[in-house]
Amino acid sequence: MRIPSLAGWIFAAAFTVIAAREHLARGGPRLARSIASNSSNNPRDAEATLLLYAYASRTMPKGATVTALKPRSRGEDMMVARITHGQLPYQRVVPQHALQPGQTPPDYVLTFGAPLADPRYAHAYETRIGALWKRMQ
Amino acid sequence: MIGARFVLLTLALPLLGSYARRFGNVRELPWSARLPVYFATGLFTIVAEMFVLTALGVQWSAAWLLPLPILLSLLPPYRRAEVAAPQKRDAILLIAIIALAILVSSVLAGALTSGDYVIFWGTKGQRFGQTHTLDYAFTLDPNHYMHPDYPPLVPFFYAWTMLGGDGAFDWWGGILSAPMFLGLGVAAVWGFGRYAGIRVAGPMAALFASSYALFYIRNAVAGNAEPALHFFETIALCALTCWRDRENEHNAIAAIALAGVTLTKVEGGVFVAIVLLLTCLSRSRWKVGILPVLTLSSWLLFGYVHGLTDTYVPREDLSIRYLVPTAREMVKELALRLHYTPWIAAAVILISGRAHRAMPYVLASLGFIAFLLSVYTRAEPHLDWSAGRTLMTPLLLFYFAALAAHRPQAQPALVA
């Protein structure tokens, strides 16, 4: 076997073995429940978040207005809004400031990490990671 | 899991790009090279149409997008060409197949999904697919600012896969496109290499597949623009490197692929500039630059008119005084957490060939590293955040240096 072929075999095989090892280290082959079930630094929360979004997307009426937020971490509003736009394709996502007095409140609110302290909304669904709230008035 | 619409509309792209058979010697390429060429041509054609329609203020639809590529694909080729000889199986490709299977398995395990995909690549694609246009008012919105200045090819690809649907993007399809792009790139390296009589085509294809599958796993790039970027870069470099009769025989394919590179990522423009400078300034190749330069200029002009130029403006904290510490960090990152072995592997293959032929590619690789260094040279460069992803492009150039070093002198027969 010529040197280039030998080098190709050895290095390609080595990289493939390392790839297999890293795949196994992350849990190995399986069909995940969500696209991020084993990604990020906190895969358990990532999966729970996406599954809650999936539930909300299925159950809220098409065209309903909705916003999402982390009540204890409002500095992440922009990041949460980006994800919400992607995960709720059938609803109309509005900015979190729509919850402020004087604004038109959305039909639904998704909260993560803490409950929503807003008397206009009633609890509709809850998981470990967060909850879906429906406007009552 | 992945839906039928995503699969069918993705499979339609090589059919819509099959008019590439009219270019040069494309019909003489083996199927393993023709399929990626058709896919690249189809994807670029659809994306270019979407971009032009956006610039004209017209919302795209199947009625707008399909006629041109279908018409072009139905036209007969300019001339009859030799039918490509069947290719001998290459045992080393088994490694490539295993590496790609590991990558697919990792994607299906939900282990490679990039945060950027969920935050903006996929979300932008979904929005563009819903509005049938590049909705820059949405991406510019300060409530959810989504890098409106990033080139649109990947979100446009995602939007294409939503055509005729209910407005929801197939998020599984998006992440599974990462192994698809890599698989097509690997097939191109093998097919083009065999066509050009390059005996190391098999080992280089296996090296490419195994190392990039590993990088994709480590850097969790599924759904991001990197896989598409590397795909277009690979097609361009295959077209420029793997010729048989004359060096300009795949000029049209190189031009289309380089144009695709410019619309995929910001650094794609630099890649194109370096490649054009080092490999396309000869009399027979200068025309390669026309389409990519036109495409990049159009995108920049569109961005300038609509205020989408953030990333193209140098950062304020760039400073020469950070050069040395950043260069030290860059040298560490070049090891790719593999003790420099990807570079060593390609270097071993390179020096066993005609090393002088590899020089333009080596210089291009060094040029791209110099560009990255200039971008990272600031107070807090954080190479550890992104260098693992950005260094895949200069490594690809170095892989092609090894391939070029083994291109035969004169017209060889197909490797039997």
# chains A, B, ... in the order shown; residues from 1 in each chain; ligands from 1
>>> interface_residues(of="chain B", to="chain A", cutoff="7 Å", atoms="only C-alpha atoms", output="PyMOL selection string")
chain B and resi 92+95+99+102+105-106+108-113+118-120+122-123+126+143-144+167-168+172+200+203-204+206-207+210-211+214+345+348-349+352
>>> select_by_dssp(residues="chain A", states="helix (DSSP H, G or I)", output="ChimeraX atom specification")
/A:3-25,43-59,74-87,96-99
>>> residues_around(residues="stretch 220-230 of chain B", least_positions_apart="2", cutoff="9 Å", atoms="only C-alpha atoms", output="count of residues only")
49
>>> residues_around(residues="stretch 52-63 of chain B", least_positions_apart="6", cutoff="12 Å", atoms="only C-alpha atoms", output="VMD selection string")
chain B and resid 9 44 to 46 69 to 70 128 to 136 152 156 159 to 165 295 298 to 303 305 to 306
>>> atom_distance(atom1="atom CA of B:Ala387", atom2="atom CA of B:Pro148")
22.2 Å
>>> residues_around(residues="stretch 241-245 of chain B", least_positions_apart="5", cutoff="7 Å", atoms="only C-alpha atoms", output="list in words")
Phe192, Gly193, Ala196, Ala404 and Gln411 of chain B
>>> write_last_selection(atoms="C-alpha atoms", output="compact mmCIF listing (two decimals), in the first residue's frame")
# COMPACT_ATOMS: atom_id res chain seq x y z
CA PHE B 192 -14.32 14.51 -9.26
CA GLY B 193 -11.05 13.01 -8.02
CA ALA B 196 -9.40 13.56 -12.94
CA ALA B 404 -4.04 18.96 -6.24
CA GLN B 411 -4.80 13.56 -19.76
>>> atom_distance(atom1="atom CA of B:Arg246", atom2="atom CA of B:Gly367")
26.5 Å
>>> select_by_dssp(residues="chain A", states="strand (DSSP E)", output="list in words")
Thr65, Val66, Thr67, Ala68, Leu69, Arg92, Val93, Tyr108, Val109, Leu110, Thr111, Phe112, Tyr121, Ala122, His123, Ala124, Tyr125, Glu126, Gly130, Ala131, Leu132, Trp133, Lys134 and Arg135 of chain A
>>> residues_around(residues="B:Ala255", least_positions_apart="3", cutoff="7 Å", atoms="only C-alpha atoms", output="list in words")
Asn251, Ala252, Leu258, Ala259, Val288, Gly289, Leu291 and Pro292 of chain B
>>> closest_residue(among="B:Glu28, B:Arg22, B:Ala91, B:Gly17", to="B:Leu66", atoms="only C-alpha atoms")
B:Gly17
>>> residues_around(residues="B:Ile253", least_positions_apart="6", cutoff="8 Å", atoms="only C-alpha atoms", output="number ranges by chain")
B: 20, 23, 37, 41, 235-236, 239
>>> atom_distance(atom1="atom CA of B:Pro14", atom2="atom CA of B:Gly42")
5.5 Å
>>> closest_residue(among="B:Phe271, B:Gly197, B:Met330, B:Ala364", to="B:Gln409", atoms="only C-alpha atoms")
B:Gly197
